[in-house]
>>> print(open('final22.txt').read())   # compact mmCIF, C-alpha atoms
# COMPACT_ATOMS: atom_id res chain seq x y z
CA MET M 5 -1.53 117.09 -8.15
CA LYS M 6 0.50 118.77 -5.43
CA LYS M 7 4.24 118.07 -5.32
CA PHE M 8 5.46 115.25 -3.11
CA THR M 9 8.47 113.08 -2.46
CA TYR M 10 7.94 109.57 -3.77
CA HIS M 11 9.11 106.58 -1.77
CA THR M 12 9.20 102.96 -2.89
CA PRO M 13 10.04 100.80 0.12
CA ALA M 14 11.30 97.34 -0.84
CA GLY M 15 9.74 95.55 2.13
CA ILE M 16 7.47 95.86 5.16
CA GLY M 17 10.30 96.98 7.48
CA GLU M 18 11.30 99.84 5.21
CA ALA M 19 7.65 100.88 4.78
CA LEU M 20 7.12 100.96 8.56
CA GLU M 21 10.22 103.11 9.03
CA LEU M 22 8.96 105.62 6.47
CA LEU M 23 5.54 105.70 8.15
CA ALA M 24 7.18 106.22 11.56
CA VAL M 25 8.97 109.29 10.21
CA TYR M 26 6.33 110.91 8.00
CA LYS M 27 3.09 109.81 9.76
CA GLU M 28 0.18 112.17 8.91
CA ASP M 29 2.24 113.88 6.24
CA SER M 30 2.24 110.78 4.07
CA ALA M 31 -0.21 108.84 1.93
CA LEU M 32 0.08 105.15 1.12
CA VAL M 33 -0.51 103.81 -2.37
CA ALA M 34 -1.48 100.11 -2.35
CA GLY M 35 -3.55 99.70 -5.51
CA GLY M 36 -4.13 103.41 -5.95
CA THR M 37 -7.74 103.15 -7.10
CA ASP M 38 -9.02 105.54 -4.42
CA VAL M 39 -5.97 107.50 -3.28
CA VAL M 40 -4.77 108.50 -6.76
CA ILE M 41 -8.13 110.21 -7.38
CA GLU M 42 -7.84 112.03 -4.04
CA LEU M 43 -4.28 113.13 -4.84
CA ASN M 44 -5.28 114.24 -8.32
CA GLU M 45 -8.22 116.26 -7.03
CA ARG M 46 -6.07 117.66 -4.21
CA LYS M 47 -8.38 116.22 -1.58
CA LYS M 48 -5.17 114.80 -0.13
CA THR M 49 -1.97 116.85 -0.26
CA PRO M 50 0.71 114.87 1.59
CA ALA M 51 4.38 115.86 1.34
CA HIS M 52 5.31 112.18 1.02
CA VAL M 53 3.76 109.37 -0.98
CA ILE M 54 4.76 105.86 0.03
CA ASP M 55 4.13 103.40 -2.79
CA ILE M 56 3.78 99.93 -1.30
CA SER M 57 2.31 98.41 -4.47
CA ARG M 58 5.41 96.29 -5.15
CA ILE M 59 5.87 94.79 -1.68
CA ASP M 60 5.40 91.17 -2.72
CA GLU M 61 5.71 89.80 0.81
CA LEU M 62 2.16 91.08 1.48
CA ARG M 63 0.58 89.03 -1.31
CA TYR M 64 0.31 85.68 0.47
CA ILE M 65 -2.78 83.59 1.20
CA ARG M 66 -2.08 81.05 3.96
CA GLN M 67 -3.99 78.80 6.29
CA ASP M 68 -3.40 77.69 9.88
CA THR M 69 -5.88 78.50 12.64
CA HIS M 70 -7.04 81.30 10.36
CA ILE M 71 -7.17 81.98 6.68
CA ARG M 72 -4.57 84.73 6.41
CA ILE M 73 -4.76 87.13 3.49
CA GLY M 74 -1.84 89.50 2.90
CA ALA M 75 -3.19 93.04 2.65
CA LEU M 76 -1.78 93.65 -0.83
CA ASN M 77 -3.70 90.86 -2.51
CA THR M 78 -5.67 92.41 -5.36
CA PHE M 79 -9.33 91.59 -5.83
CA ALA M 80 -8.32 89.80 -9.04
CA ALA M 81 -5.85 87.62 -7.10
CA LEU M 82 -8.56 86.73 -4.58
CA GLU M 83 -11.07 86.12 -7.37
CA LYS M 84 -8.73 83.63 -9.07
CA ASP M 85 -7.77 81.83 -5.87
CA GLN M 86 -9.47 78.43 -6.04
CA TRP M 87 -8.97 77.89 -2.38
CA ILE M 88 -10.83 81.07 -1.36
CA ARG M 89 -13.56 80.08 -3.74
CA ALA M 90 -13.91 76.74 -1.95
CA MET M 91 -13.36 77.81 1.67
CA LEU M 92 -14.79 81.34 1.70
CA PRO M 93 -17.50 81.35 -1.00
CA ALA M 94 -19.12 84.55 0.31
CA LEU M 95 -15.78 86.38 0.08
CA HIS M 96 -15.39 85.07 -3.47
CA GLU M 97 -18.90 86.31 -4.25
CA THR M 98 -17.91 89.70 -2.80
CA VAL M 99 -14.68 90.20 -4.74
CA VAL M 100 -16.11 89.22 -8.14
CA HIS M 101 -18.60 92.08 -7.83
CA VAL M 102 -16.07 94.80 -6.99
CA GLY M 103 -15.78 97.57 -9.60
CA SER M 104 -14.65 96.30 -13.00
CA PRO M 105 -11.95 93.87 -14.21
CA GLN M 106 -9.53 96.83 -14.48
CA ILE M 107 -10.22 97.94 -10.91
CA ARG M 108 -9.99 94.38 -9.57
CA ASN M 109 -6.54 94.11 -11.19
CA LEU M 110 -5.33 97.11 -9.15
CA GLY M 111 -7.42 97.44 -5.99
CA THR M 112 -6.35 95.57 -2.86
CA ILE M 113 -8.34 94.14 0.03
CA GLY M 114 -6.18 96.09 2.49
CA GLY M 115 -6.88 99.37 0.73
CA ASN M 116 -10.58 98.60 0.66
CA VAL M 117 -10.65 98.04 4.42
CA VAL M 118 -8.54 101.06 5.39
CA ASN M 119 -10.44 103.45 3.11
CA ALA M 120 -13.49 102.67 5.24
CA SER M 121 -15.91 103.85 2.58
CA VAL M 122 -19.57 103.73 3.55
CA ALA M 123 -20.08 101.72 0.38
CA GLY M 124 -16.95 99.56 0.56
CA ASP M 125 -17.46 96.02 -0.72
CA SER M 126 -15.31 93.75 1.44
CA PRO M 127 -15.76 95.08 5.03
CA THR M 128 -19.40 93.91 5.16
CA THR M 129 -18.43 90.32 4.35
CA LEU M 130 -15.33 90.36 6.54
CA LEU M 131 -17.47 91.48 9.47
CA ALA M 132 -19.88 88.58 8.92
CA TYR M 133 -16.95 86.16 8.77
CA GLY M 134 -15.68 87.49 12.12
CA GLY M 135 -12.58 88.85 10.40
CA GLU M 136 -9.63 90.39 12.18
CA LEU M 137 -7.01 92.86 11.06
CA VAL M 138 -3.29 92.81 11.79
CA LEU M 139 -1.82 96.31 12.12
CA ARG M 140 1.94 96.81 12.32
CA SER M 141 4.22 99.70 13.15
CA THR M 142 7.87 99.98 14.17
CA LYS M 143 6.59 99.74 17.76
CA GLY M 144 4.89 96.39 17.32
CA GLU M 145 1.76 94.66 16.19
CA ARG M 146 -1.87 94.72 17.26
CA VAL M 147 -4.89 92.74 16.18
CA MET M 148 -8.34 94.21 15.96
CA THR M 149 -11.75 92.96 14.90
CA ILE M 150 -13.40 94.67 11.95
CA ASP M 151 -16.11 95.80 14.36
CA GLU M 152 -13.62 97.71 16.51
CA PHE M 153 -11.75 99.04 13.50
CA ASN M 154 -14.60 100.73 11.64
CA GLU M 155 -15.49 104.29 12.58
CA GLY M 156 -16.64 105.52 9.17
CA PRO M 157 -17.34 107.27 6.93
CA GLY M 158 -13.75 107.32 5.66
CA ARG M 159 -12.45 106.89 9.19
CA CYS M 160 -11.02 103.89 10.99
CA GLN M 161 -8.84 103.02 13.95
CA ILE M 162 -5.54 102.81 12.05
CA ARG M 163 -2.83 105.09 13.45
CA PRO M 164 -0.77 107.29 11.14
CA ASP M 165 2.36 105.17 11.66
CA GLU M 166 0.59 101.84 11.13
CA LEU M 167 0.33 99.54 8.13
CA LEU M 168 -2.47 97.02 7.71
CA THR M 169 -0.52 93.87 6.83
CA GLU M 170 -3.07 91.09 7.07
CA VAL M 171 -6.78 90.36 7.00
CA ARG M 172 -7.57 87.07 8.69
CA ILE M 173 -10.65 84.95 9.05
CA PRO M 174 -11.10 82.15 11.59
CA MET M 175 -11.34 78.72 9.96
CA LEU M 176 -14.96 77.73 9.49
CA ASN M 177 -16.38 74.30 10.23
CA ARG M 178 -18.98 72.47 8.20
CA ASN M 179 -21.71 73.69 10.53
CA GLU M 180 -20.94 77.33 9.72
CA GLY M 181 -22.08 79.15 6.60
CA VAL M 182 -21.87 82.70 5.26
CA GLY M 183 -23.87 84.41 2.53
CA TYR M 184 -23.32 87.72 0.72
CA PHE M 185 -25.63 89.70 -1.52
CA LYS M 186 -24.89 93.06 -3.16
CA ILE M 187 -27.36 95.41 -4.77
CA GLY M 188 -25.72 97.82 -7.21
CA LYS M 189 -27.22 99.91 -9.99
CA ARG M 190 -25.86 97.50 -12.61
CA LYS M 191 -23.63 94.44 -12.76
CA SER M 192 -20.26 96.08 -13.36
CA LEU M 193 -18.70 99.36 -12.29
CA ALA M 194 -21.30 99.71 -9.58
CA ILE M 195 -20.70 100.79 -6.04
CA VAL M 196 -22.68 99.11 -3.29
CA VAL M 197 -26.17 100.58 -2.96
CA LEU M 198 -26.95 98.01 -0.29
CA ALA M 199 -25.19 94.84 0.82
CA VAL M 200 -26.10 92.12 3.28
CA SER M 201 -23.83 89.44 4.67
CA ILE M 202 -24.98 86.78 7.13
CA TYR M 203 -23.08 84.16 9.13
CA ILE M 204 -24.89 81.25 10.71
CA LYS M 205 -23.60 78.47 12.94
CA ARG M 206 -25.96 75.56 13.31
CA SER M 207 -26.18 73.10 16.16
CA LEU M 208 -26.40 69.32 15.84
CA ASP M 209 -30.19 69.54 16.12
CA ASN M 210 -30.22 72.06 13.23
CA ARG M 211 -30.86 75.19 15.25
CA ILE M 212 -29.22 78.59 14.84
CA GLU M 213 -26.60 78.42 17.57
CA ASP M 214 -24.93 81.68 16.63
CA CYS M 215 -25.27 84.27 13.90
CA ARG M 216 -23.95 87.58 12.66
CA VAL M 217 -26.15 89.73 10.47
CA VAL M 218 -24.39 92.64 8.75
CA LEU M 219 -25.76 95.48 6.65
CA GLY M 220 -23.49 97.47 4.31
CA ALA M 221 -24.17 100.98 2.94
CA VAL M 222 -26.98 101.57 5.42
CA GLY M 223 -25.04 103.13 8.33
CA LYS M 224 -21.75 105.00 8.54
CA HIS M 225 -19.94 101.69 8.22
CA PRO M 226 -20.98 98.05 7.89
CA MET M 227 -22.98 97.28 11.01
CA ARG M 228 -24.25 94.24 12.85
CA VAL M 229 -27.97 94.11 13.55
CA PRO M 230 -28.53 92.74 17.07
CA GLU M 231 -32.35 92.85 16.72
CA VAL M 232 -32.32 90.39 13.84
CA GLU M 233 -29.57 88.26 15.39
CA ALA M 234 -31.56 87.88 18.63
CA ALA M 235 -34.70 86.94 16.73
CA LEU M 236 -32.89 84.25 14.73
CA ARG M 237 -30.96 82.64 17.59
CA ASP M 238 -32.17 79.17 18.67
CA LYS M 239 -34.69 78.95 15.83
CA PRO M 240 -34.44 76.09 13.33
CA VAL M 241 -32.24 76.58 10.26
CA ALA M 242 -35.10 76.64 7.78
CA ARG M 243 -36.34 78.76 4.91
CA ASN M 244 -39.62 79.69 6.62
CA VAL M 245 -37.72 80.97 9.69
CA PHE M 246 -35.54 83.10 7.43
CA ARG M 247 -38.58 84.41 5.55
CA GLU M 248 -40.29 85.38 8.78
CA SER M 249 -37.25 87.49 9.76
CA LEU M 250 -37.43 89.69 6.66
CA PRO M 251 -39.79 92.33 8.13
CA LEU M 252 -37.17 92.89 10.85
CA PHE M 253 -34.61 93.84 8.20
CA THR M 254 -37.06 96.33 6.75
CA ALA M 255 -37.71 97.81 10.20
CA VAL M 256 -33.97 98.24 10.89
CA VAL M 257 -33.35 99.98 7.57
CA GLN M 258 -36.40 102.22 8.13
CA LYS M 259 -35.16 103.17 11.59
CA THR M 260 -31.52 103.71 10.59
CA ILE M 261 -31.98 105.89 7.51
CA ALA M 262 -35.53 107.20 8.07
CA THR M 263 -34.80 110.68 6.66
CA ARG M 264 -32.86 109.54 3.58
CA PRO M 265 -34.60 109.55 0.21
CA SER M 266 -33.10 106.11 -0.47
CA VAL M 267 -34.98 104.57 2.46
CA VAL M 268 -37.98 103.79 0.27
CA TYR M 269 -35.83 101.66 -2.00
CA LYS M 270 -33.50 100.16 0.57
CA ARG M 271 -36.15 99.00 3.04
CA GLU M 272 -37.64 96.84 0.27
CA GLY M 273 -34.32 95.86 -1.32
CA VAL M 274 -32.94 94.59 1.95
CA ARG M 275 -35.52 91.79 2.00
CA GLY M 276 -34.32 90.38 -1.30
CA ALA M 277 -30.65 90.82 -0.38
CA ALA M 278 -31.14 89.09 3.00
CA MET M 279 -33.06 86.25 1.40
CA GLY M 280 -30.24 85.90 -1.15
CA CYS M 281 -27.81 85.38 1.75
CA PHE M 282 -30.10 82.87 3.44
CA GLU M 283 -30.45 80.88 0.22
CA GLN M 284 -26.64 80.66 -0.08
CA ILE M 285 -26.42 79.43 3.50
CA LEU M 286 -29.15 76.83 2.94
CA SER M 287 -27.23 75.68 -0.09
CA ASP M 288 -23.95 75.54 1.94
CA PHE M 289 -25.74 73.34 4.46
CA GLU M 290 -27.27 71.29 1.64
CA LEU M 291 -30.76 72.21 2.80
CA ALA M 292 -31.75 74.11 -0.35
CA MET W 25 10.66 118.13 -5.77
CA GLU W 26 12.95 115.25 -6.52
CA LYS W 27 12.40 113.69 -9.93
CA ILE W 28 12.23 109.93 -10.29
CA THR W 29 13.66 107.60 -12.90
CA ILE W 30 11.31 105.04 -14.38
CA ASN W 31 12.68 101.93 -16.11
CA PHE W 32 10.00 100.01 -17.94
CA ASN W 33 9.09 98.30 -21.16
CA LEU W 34 6.71 100.31 -23.31
CA ASN W 35 5.18 98.66 -26.36
CA GLY W 36 8.06 96.23 -26.59
CA LYS W 37 10.89 98.73 -26.09
CA ASP W 38 12.88 99.22 -22.89
CA VAL W 39 12.79 102.86 -21.87
CA VAL W 40 14.31 104.94 -19.09
CA VAL W 41 12.58 108.23 -18.33
CA LEU W 42 13.15 110.97 -15.77
CA THR W 43 9.86 112.48 -14.60
CA GLU W 44 8.07 114.27 -11.77
CA PRO W 45 6.35 111.74 -9.50
CA ASN W 46 3.15 113.79 -9.00
CA LYS W 47 1.60 112.62 -12.23
CA ARG W 48 -0.95 109.98 -13.13
CA LEU W 49 0.15 107.27 -15.51
CA VAL W 50 -2.48 108.37 -18.09
CA ASP W 51 -1.02 111.90 -18.16
CA PHE W 52 2.53 110.60 -18.38
CA LEU W 53 1.69 108.30 -21.32
CA ARG W 54 -0.19 111.03 -23.20
CA GLU W 55 1.97 114.05 -22.50
CA ASP W 56 5.49 112.73 -21.92
CA MET W 57 5.38 109.71 -24.21
CA ASP W 58 2.98 111.17 -26.85
CA LEU W 59 0.77 108.09 -26.74
CA THR W 60 -2.52 109.85 -27.34
CA SER W 61 -4.49 106.65 -27.94
CA VAL W 62 -4.76 106.50 -24.15
CA LYS W 63 -7.95 108.49 -23.56
CA GLU W 64 -9.14 110.07 -20.38
CA GLY W 65 -12.87 109.75 -19.88
CA CYS W 66 -14.15 109.97 -16.33
CA GLY W 67 -10.84 110.14 -14.48
CA GLU W 68 -12.32 107.90 -11.76
CA GLY W 69 -11.81 104.41 -13.15
CA GLU W 70 -15.45 104.04 -14.15
CA CYS W 71 -15.35 104.25 -17.93
CA GLY W 72 -12.31 102.25 -19.04
CA ALA W 73 -11.27 104.71 -21.79
CA CYS W 74 -7.75 104.96 -20.32
CA THR W 75 -7.29 101.16 -20.20
CA ILE W 76 -3.75 99.92 -20.84
CA ILE W 77 -2.21 96.47 -20.47
CA PHE W 78 0.04 96.46 -17.41
CA ASN W 79 2.07 93.28 -16.85
CA GLY W 80 -0.44 91.38 -18.95
CA GLU W 81 -3.57 92.69 -17.19
CA ALA W 82 -6.03 95.41 -18.21
CA VAL W 83 -5.90 98.36 -15.81
CA THR W 84 -7.20 101.92 -15.80
CA SER W 85 -4.19 104.24 -16.11
CA CYS W 86 -6.07 107.18 -14.54
CA LEU W 87 -5.93 105.37 -11.18
CA MET W 88 -2.16 104.87 -11.19
CA LEU W 89 0.77 107.07 -10.40
CA VAL W 90 3.58 107.18 -12.93
CA GLY W 91 5.94 105.65 -10.35
CA GLN W 92 3.91 102.45 -10.34
CA ALA W 93 5.18 101.81 -13.88
CA GLU W 94 8.68 101.05 -12.60
CA GLY W 95 9.86 97.63 -13.82
CA SER W 96 6.59 96.92 -15.62
CA GLN W 97 5.58 95.99 -19.14
CA ILE W 98 3.02 98.35 -20.61
CA VAL W 99 1.12 98.02 -23.88
CA THR W 100 -1.00 100.82 -25.34
CA LEU W 101 -2.92 100.75 -28.61
CA GLU W 102 0.22 102.04 -30.38
CA GLY W 103 1.87 98.73 -29.49
CA VAL W 104 -0.93 96.50 -30.76
CA SER W 105 -0.47 96.80 -34.52
CA GLU W 106 1.97 94.42 -36.17
CA ASN W 107 4.52 95.83 -38.69
CA GLY W 108 2.37 98.91 -39.10
CA LYS W 109 -0.71 96.87 -39.96
CA PRO W 110 -3.79 96.40 -37.81
CA ASN W 111 -3.66 93.22 -35.76
CA TYR W 112 -6.47 90.70 -35.81
CA ILE W 113 -8.53 92.46 -33.12
CA GLN W 114 -8.23 95.85 -34.79
CA LYS W 115 -9.14 94.24 -38.11
CA ALA W 116 -12.23 92.64 -36.59
CA PHE W 117 -13.34 96.02 -35.16
CA MET W 118 -13.06 97.52 -38.66
CA ASP W 119 -14.69 94.59 -40.48
CA VAL W 120 -17.64 94.46 -38.11
CA GLY W 121 -18.03 98.25 -37.95
CA ALA W 122 -17.60 98.34 -34.18
CA VAL W 123 -16.28 101.91 -34.12
CA GLN W 124 -18.63 104.87 -33.90
CA CYS W 125 -17.10 108.00 -32.34
CA GLY W 126 -14.00 105.96 -31.52
CA TYR W 127 -13.28 107.38 -28.08
CA CYS W 128 -13.72 104.10 -26.24
CA THR W 129 -12.12 101.99 -28.99
CA PRO W 130 -8.48 101.94 -27.74
CA GLY W 131 -9.61 100.81 -24.30
CA MET W 132 -12.03 98.26 -25.76
CA ILE W 133 -9.33 96.76 -28.00
CA LEU W 134 -6.85 96.55 -25.12
CA ALA W 135 -9.42 94.94 -22.79
CA ALA W 136 -10.11 92.40 -25.55
CA LYS W 137 -6.39 91.83 -26.13
CA ALA W 138 -5.71 91.28 -22.43
CA LEU W 139 -8.38 88.57 -22.49
CA LEU W 140 -7.51 86.88 -25.80
CA ASP W 141 -3.74 86.89 -25.10
CA LYS W 142 -4.40 84.77 -22.04
CA ASN W 143 -7.44 82.89 -23.22
CA PRO W 144 -7.67 82.71 -27.04
CA LYS W 145 -10.73 80.46 -26.83
CA ALA W 146 -12.64 82.67 -24.37
CA GLY W 147 -16.34 81.90 -24.25
CA ASP W 148 -19.01 84.51 -24.96
CA GLU W 149 -19.66 85.05 -21.25
CA GLU W 150 -15.94 85.48 -20.57
CA ILE W 151 -15.81 88.10 -23.32
CA LYS W 152 -18.75 90.01 -21.80
CA GLN W 153 -17.10 89.83 -18.41
CA ALA W 154 -13.72 91.03 -19.71
CA MET W 155 -15.36 93.96 -21.55
CA SER W 156 -17.59 94.94 -18.62
CA GLY W 157 -15.22 97.66 -17.39
CA ASN W 158 -15.41 99.66 -20.63
CA LEU W 159 -18.26 102.02 -21.39
CA CYS W 160 -19.19 103.13 -24.92
CA ARG W 161 -20.89 106.51 -24.98
CA CYS W 162 -22.39 105.71 -28.39
CA THR W 163 -23.86 102.56 -26.78
CA GLY W 164 -22.52 100.44 -29.64
CA TYR W 165 -22.05 97.39 -27.46
CA ALA W 166 -23.60 94.78 -29.75
CA LYS W 167 -21.08 95.37 -32.52
CA ILE W 168 -18.16 95.66 -30.10
CA PHE W 169 -19.11 92.29 -28.62
CA GLN W 170 -19.50 90.89 -32.14
CA ALA W 171 -16.05 92.23 -33.09
CA VAL W 172 -14.34 90.53 -30.17
CA LYS W 173 -16.09 87.24 -30.99
CA THR W 174 -15.05 87.66 -34.63
CA ALA W 175 -11.45 88.29 -33.56
CA ARG W 176 -11.45 85.21 -31.37
CA ASP W 177 -12.85 83.05 -34.16
CA ALA W 178 -10.47 84.53 -36.77
CA LYS W 179 -7.44 83.81 -34.58
CA GLY W 180 -8.66 80.26 -34.03
CA ALA W 181 -9.07 79.77 -37.79
CA LEU W 182 -5.56 81.14 -38.49
CA LYS W 183 -4.02 78.75 -35.99
CA HIS W 184 -5.94 75.91 -37.55
CA GLU W 185 -4.59 76.69 -41.04
CA SER W 186 -0.93 76.94 -40.03
>>> encode(input="final22.txt", output="structure tokens")
Amino acid sequence: MKKFTYHTPAGIGEALELLAVYKEDSALVAGGTDVVIELNERKKTPAHVIDISRIDELRYIRQDTHIRIGALNTFAALEKDQWIRAMLPALHETVVHVGSPQIRNLGTIGGNVVNASVAGDSPTTLLAYGGELVLRSTKGERVMTIDEFNEGPGRCQIRPDELLTEVRIPMLNRNEGVGYFKIGKRKSLAIVVLAVSIYIKRSLDNRIEDCRVVLGAVGKHPMRVPEVEAALRDKPVARNVFRESLPLFTAVVQKTIATRPSVVYKREGVRGAAMGCFEQILSDFELA
Amino acid sequence: MEKITINFNLNGKDVVVLTEPNKRLVDFLREDMDLTSVKEGCGEGECGACTIIFNGEAVTSCLMLVGQAEGSQIVTLEGVSENGKPNYIQKAFMDVGAVQCGYCTPGMILAAKALLDKNPKAGDEEIKQAMSGNLCRCTGYAKIFQAVKTARDAKGALKHES
């Protein structure tokens, strides 16, 4: 590991001041589960390392118009949170399948989002939930949707002097449901081979009023699939409608990664993963 | 490069150490503190061999910088035995024959301890879940699982007697 100066800011303000000074020449350590490997393998060689892992003021989970999740919540903290389990079941389903217990005890949701890995677990679900990110610097604050934020792979819209402080999700009503389904090579310690997350809002006459369909680990970053969304809109919320949409998922995967060897597997797998999401939504709506 | 001072509690003792910051916690524990029970396997957090207990939770020490230890409580296998004798989990691993090459054993025992310290009556599924971040290259999982169940049951029996 290359030499660096180690900083341990006590709070957000101090962290932002360090970022304003050192910018590109610094690396942030939140949980460390990705960046420590990069430092150790000299893929990153910053002159300054800013360890924010003990900034407790970024560990909150609050609710007002949004469900607000401080960026330094670990996956284990989110997994144990009964309230997230009840209000955001698809996010709960996502975090319990991240890495291993050891990694969930260290890794943070903020780190997962900013790393912008092609195979990151939480961005797919956050995109389906219509999640937003709060980015802060000494100059102020800006809010961005996950859609705008992702550039991938490994790239996102965060500026070198900015800190992701909060991930927030609009409060859902009873007529809105979200499903998540991950395919990995095994249950634990598996990165995402393919993930699907789907949001559906149903109207009073049980039609699909709005929806967001998101594929993870198919493109450069989690992506919405307008073709499928358009096909679902205004149709009844019903299992047969969902089943009939499955060939569209296969077509999108085929088109997006046509030259990849994994296409043969993923174009089939996506049907099961999408149906898994739909089943969760049917169950949320008590239509299962 | 400026050195950093780390104050933390290691295996029950408060220690203050001056060290270079550009070091992973696994390397610091092995090389500076001579705690060679902490094994490095994959170096990417995928195998669990370097598992330690950090503020009561199992973590992979290959994914942490030494500076993250500041103010923490760390337990390695060296801190598990009681008065120089194997504790109940170590004893169960020996009685059941859950050790083959032994490389994964420190991490396995610490993952089990992190669970049983918090949840002495952990169910079988909770045990599988808690051990899911530790790989055994000898694939001796059945006996490892059996050992943790045996440890849980032995501890329950001891409490019952006293």
>>> atom_distance(input="final22.txt", atom1="CA of Asn210 in chain M", atom2="CA of Gly276 in chain M")
23.7 Å
>>> residues_near_point(input="final22.txt", point="(-11.4, 95.6, -7.8)", cutoff="12 Å", atoms="all atoms listed in the file", output="PyMOL selection string")
(chain M and resi 35-38+77-83+98-116+124-126+192-195) or (chain W and resi 69-70+82-84+87+157)
>>> axis_aligned_box(input="final22.txt", around="range 42-50 of chain W", padding_each_side="8 Å", output="JSON")
{"center_x": 5.3, "center_y": 110.8, "center_z": -13.5, "size_x": 31.6, "size_y": 23.0, "size_z": 25.1}
>>> residues_near_point(input="final22.txt", point="(-22.5, 95.4, -3.3)", cutoff="6 Å", atoms="all atoms listed in the file", output="PyMOL selection string")
chain M and resi 125+186-188+196+198-199
>>> residues_around(input="final22.txt", residues="range 162-168 of chain M", least_positions_apart="2", cutoff="8 Å", atoms="all atoms listed in the file", output="compact mmCIF listing (two decimals) with C-alpha atoms, in the frame of the given file")
# COMPACT_ATOMS: atom_id res chain seq x y z
CA LEU M 20 7.12 100.96 8.56
CA LEU M 23 5.54 105.70 8.15
CA ALA M 24 7.18 106.22 11.56
CA VAL M 25 8.97 109.29 10.21
CA TYR M 26 6.33 110.91 8.00
CA LYS M 27 3.09 109.81 9.76
CA GLU M 28 0.18 112.17 8.91
CA ALA M 75 -3.19 93.04 2.65
CA GLY M 114 -6.18 96.09 2.49
CA VAL M 118 -8.54 101.06 5.39
CA LEU M 137 -7.01 92.86 11.06
CA VAL M 138 -3.29 92.81 11.79
CA LEU M 139 -1.82 96.31 12.12
CA ARG M 140 1.94 96.81 12.32
CA SER M 141 4.22 99.70 13.15
CA THR M 142 7.87 99.98 14.17
CA PHE M 153 -11.75 99.04 13.50
CA CYS M 160 -11.02 103.89 10.99
CA GLU M 170 -3.07 91.09 7.07
CA VAL M 171 -6.78 90.36 7.00
>>> interface_residues(input="final22.txt", of="chain W", to="chain M", cutoff="10 Å", atoms="only C-alpha atoms", output="ChimeraX atom specification")
/W:25-28,44-48,67-72,75-78,81-89,91-92,94-95,135,153-159
>>> write_last_selection(input="final22.txt", atoms="C-alpha atoms", output="mmCIF file, in the frame of the given file")
data_model
loop_
_atom_site.group_PDB
_atom_site.id
_atom_site.type_symbol
_atom_site.label_atom_id
_atom_site.label_comp_id
_atom_site.auth_asym_id
_atom_site.auth_seq_id
_atom_site.Cartn_x
_atom_site.Cartn_y
_atom_site.Cartn_z
ATOM 1 C CA MET W 25 10.660 118.130 -5.770
ATOM 2 C CA GLU W 26 12.950 115.250 -6.520
ATOM 3 C CA LYS W 27 12.400 113.690 -9.930
ATOM 4 C CA ILE W 28 12.230 109.930 -10.290
ATOM 5 C CA GLU W 44 8.070 114.270 -11.770
ATOM 6 C CA PRO W 45 6.350 111.740 -9.500
ATOM 7 C CA ASN W 46 3.150 113.790 -9.000
ATOM 8 C CA LYS W 47 1.600 112.620 -12.230
ATOM 9 C CA ARG W 48 -0.950 109.980 -13.130
ATOM 10 C CA GLY W 67 -10.840 110.140 -14.480
ATOM 11 C CA GLU W 68 -12.320 107.900 -11.760
ATOM 12 C CA GLY W 69 -11.810 104.410 -13.150
ATOM 13 C CA GLU W 70 -15.450 104.040 -14.150
ATOM 14 C CA CYS W 71 -15.350 104.250 -17.930
ATOM 15 C CA GLY W 72 -12.310 102.250 -19.040
ATOM 16 C CA THR W 75 -7.290 101.160 -20.200
ATOM 17 C CA ILE W 76 -3.750 99.920 -20.840
ATOM 18 C CA ILE W 77 -2.210 96.470 -20.470
ATOM 19 C CA PHE W 78 0.040 96.460 -17.410
ATOM 20 C CA GLU W 81 -3.570 92.690 -17.190
ATOM 21 C CA ALA W 82 -6.030 95.410 -18.210
ATOM 22 C CA VAL W 83 -5.900 98.360 -15.810
ATOM 23 C CA THR W 84 -7.200 101.920 -15.800
ATOM 24 C CA SER W 85 -4.190 104.240 -16.110
ATOM 25 C CA CYS W 86 -6.070 107.180 -14.540
ATOM 26 C CA LEU W 87 -5.930 105.370 -11.180
ATOM 27 C CA MET W 88 -2.160 104.870 -11.190
ATOM 28 C CA LEU W 89 0.770 107.070 -10.400
ATOM 29 C CA GLY W 91 5.940 105.650 -10.350
ATOM 30 C CA GLN W 92 3.910 102.450 -10.340
ATOM 31 C CA GLU W 94 8.680 101.050 -12.600
ATOM 32 C CA GLY W 95 9.860 97.630 -13.820
ATOM 33 C CA ALA W 135 -9.420 94.940 -22.790
ATOM 34 C CA GLN W 153 -17.100 89.830 -18.410
ATOM 35 C CA ALA W 154 -13.720 91.030 -19.710
ATOM 36 C CA MET W 155 -15.360 93.960 -21.550
ATOM 37 C CA SER W 156 -17.590 94.940 -18.620
ATOM 38 C CA GLY W 157 -15.220 97.660 -17.390
ATOM 39 C CA ASN W 158 -15.410 99.660 -20.630
ATOM 40 C CA LEU W 159 -18.260 102.020 -21.390
#
>>> closest_residue(input="final22.txt", among="M:Pro93, M:Arg216, M:Leu208, M:Met227", to="Asn154 in chain M", atoms="all atoms listed in the file")
M:Met227
>>> atom_distance(input="final22.txt", atom1="CA of Met91 in chain M", atom2="CA of Ala277 in chain M")
21.7 Å
>>> residues_around(input="final22.txt", residues="Ile133 in chain W", least_positions_apart="5", cutoff="8 Å", atoms="all atoms listed in the file", output="PDB file with C-alpha atoms, keeping the file's coordinate frame")
ATOM      1  CA  LEU W 101      -2.920 100.750 -28.610  1.00  0.00           C
ATOM      2  CA  ILE W 113      -8.530  92.460 -33.120  1.00  0.00           C
ATOM      3  CA  GLN W 114      -8.230  95.850 -34.790  1.00  0.00           C
TER       4      GLN W 114
END
